[in-house]
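First comes the structure, then the notes that go with it.
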Amino acid sequence: MMRANFAGFERARLVGVPNSFCCWGRAVPSRVANAVGFSSWGRGLSGLRILASVVLLLCTAALAQSARRKPAQPATTRAECSTQAEFCVTVPATWKRLGDDFDGDGFVVAEPRTGATQDQWNLLTAAARDIPEPQAGKEPMSLDEFISDSLMMLSQHAQINTMERRRLEIAGHPAQVLRVAYDDPDGKRVLELLGFIDGEDGAFYMLSLRIRPEDEQRMTAVFDRIVHSWRSTAKPSAK
């Protein structure tokens, strides 16, 4: 809602008080009144009152218009969360949730496409994966090692071509974003955008957006916003 200009309203209200104008009219020398177009005090005062009424009317109309509520705009995004894994991301409001995945530690959301089956939709999978306990005398698995293992599993089904890999921070946590390509069993080219986040809470978070090649530019921008929207919903542990 627009803020009402109360300063302007107060000035208009004061101008509209006849007594204020009478006092002001008597205090102004006749040469000043003549200079602004009034040949006598009577007509000058009458003209000022008319002017005050017009100003007050205009200010009242402006206030009434500014007080009107703008119609609520439909939301363009919404939060999708995993209650079990305690994290959320923000996705376009028009996308459809297809269900949970990874035994409740993740979920699948897709962009509907008219006239196409669900396996042809741009498909987002988001999940949390617990970091395995390290062997005695060894360091816990790093984010780089987790990404390597994930790509190795993916390469068991297709020849993976990593086209881009960059490091960044998401909500203060180490993260990486990859863009890979491979051929599906039917020989069709598939692009997949991958996001990996070290939650530094004993879990890695993985986002995977499988897209059609013709949607690459548009979906790359969408995926970047989704990755940056990631947030943990876990309550801070008591110290």
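In the structure tokens, each chain is lettered A, B, ... as it comes, each chain's residues begin at 1, and ligands are numbered from 1 in order of appearance.
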Using only C-alpha atoms, tabulate the residues of range 76-146 of chain A lying at most 10 Å from any atom of range 218-239 of chain A, each with its closest atom pair and that distance in Å to one decimal, by chain and increasing residue number, as CSV.
residue,atom,partner,partner_atom,distance
A:Ala79,CA,A:Ser229,CA,9.1
A:Glu80,CA,A:Trp230,CA,9.9
A:Cys81,CA,A:Thr233,CA,8.8
A:Ser82,CA,A:Thr233,CA,9.1
A:Thr83,CA,A:Thr233,CA,8.3
A:Gln84,CA,A:Ala234,CA,9.8
A:Ala85,CA,A:Ala234,CA,8.4
A:Glu86,CA,A:Thr233,CA,4.9
A:Phe87,CA,A:Ser232,CA,4.3
A:Cys88,CA,A:Arg231,CA,5.5
A:Val89,CA,A:Trp230,CA,4.6
A:Thr90,CA,A:Ile226,CA,5.6
A:Val91,CA,A:Ile226,CA,6.1
A:Pro92,CA,A:Val222,CA,8.3
A:Asn122,CA,A:Met219,CA,8.4
A:Leu124,CA,A:Phe223,CA,8.9
A:Ala126,CA,A:Val227,CA,9.9
Residue with smallest distance to Leu168 in chain A - pool A:Pro185, A:Gly195, A:Pro112, A:Gly99, counting only C-alpha atoms: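 That would be A:Gly195, the residue with the smallest distance to Leu168 in chain A.
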Using only C-alpha atoms for the distances, tell me which of A:Lys96, A:Leu193, A:Gly172, A:Ala116 is nearest to Met206 in chain A.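 With only C-alpha atoms as the atom set, the closest residue is A:Leu193.
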Would you pick out the contacts of Asp184 in chain A at 10 Å or less, using only C-alpha atoms, so that residues sharing its chain but fewer than 5 positions from it are not included, and give the list as a ChimeraX atom specification? /A:157-159,189-191
Hey, can you check how far CA of Pro213 in chain A sits from CA of Val108 in chain A? 19.9 Å
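The shortest atom-to-atom distance to Ala171 in chain A, with only C-alpha atoms taken into account, belongs to A:Gly199 out of A:Pro132, A:Gly187, A:Gly199, A:Gly115.
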Give the strand (DSSP E) residues of range 67-130 of chain A, as DSSP finds them on the backbone, and put them as a PyMOL selection string. chain A and resi 77-82+87-92+96-101+106-111+122-130
Distance criterion (only C-alpha atoms): nearest to Asp201 in chain A out of A:Ile131, A:Asp103, A:Ala136, A:Val109: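 Checking each candidate against Asp201 in chain A, we get A:Ile131 as the closest.
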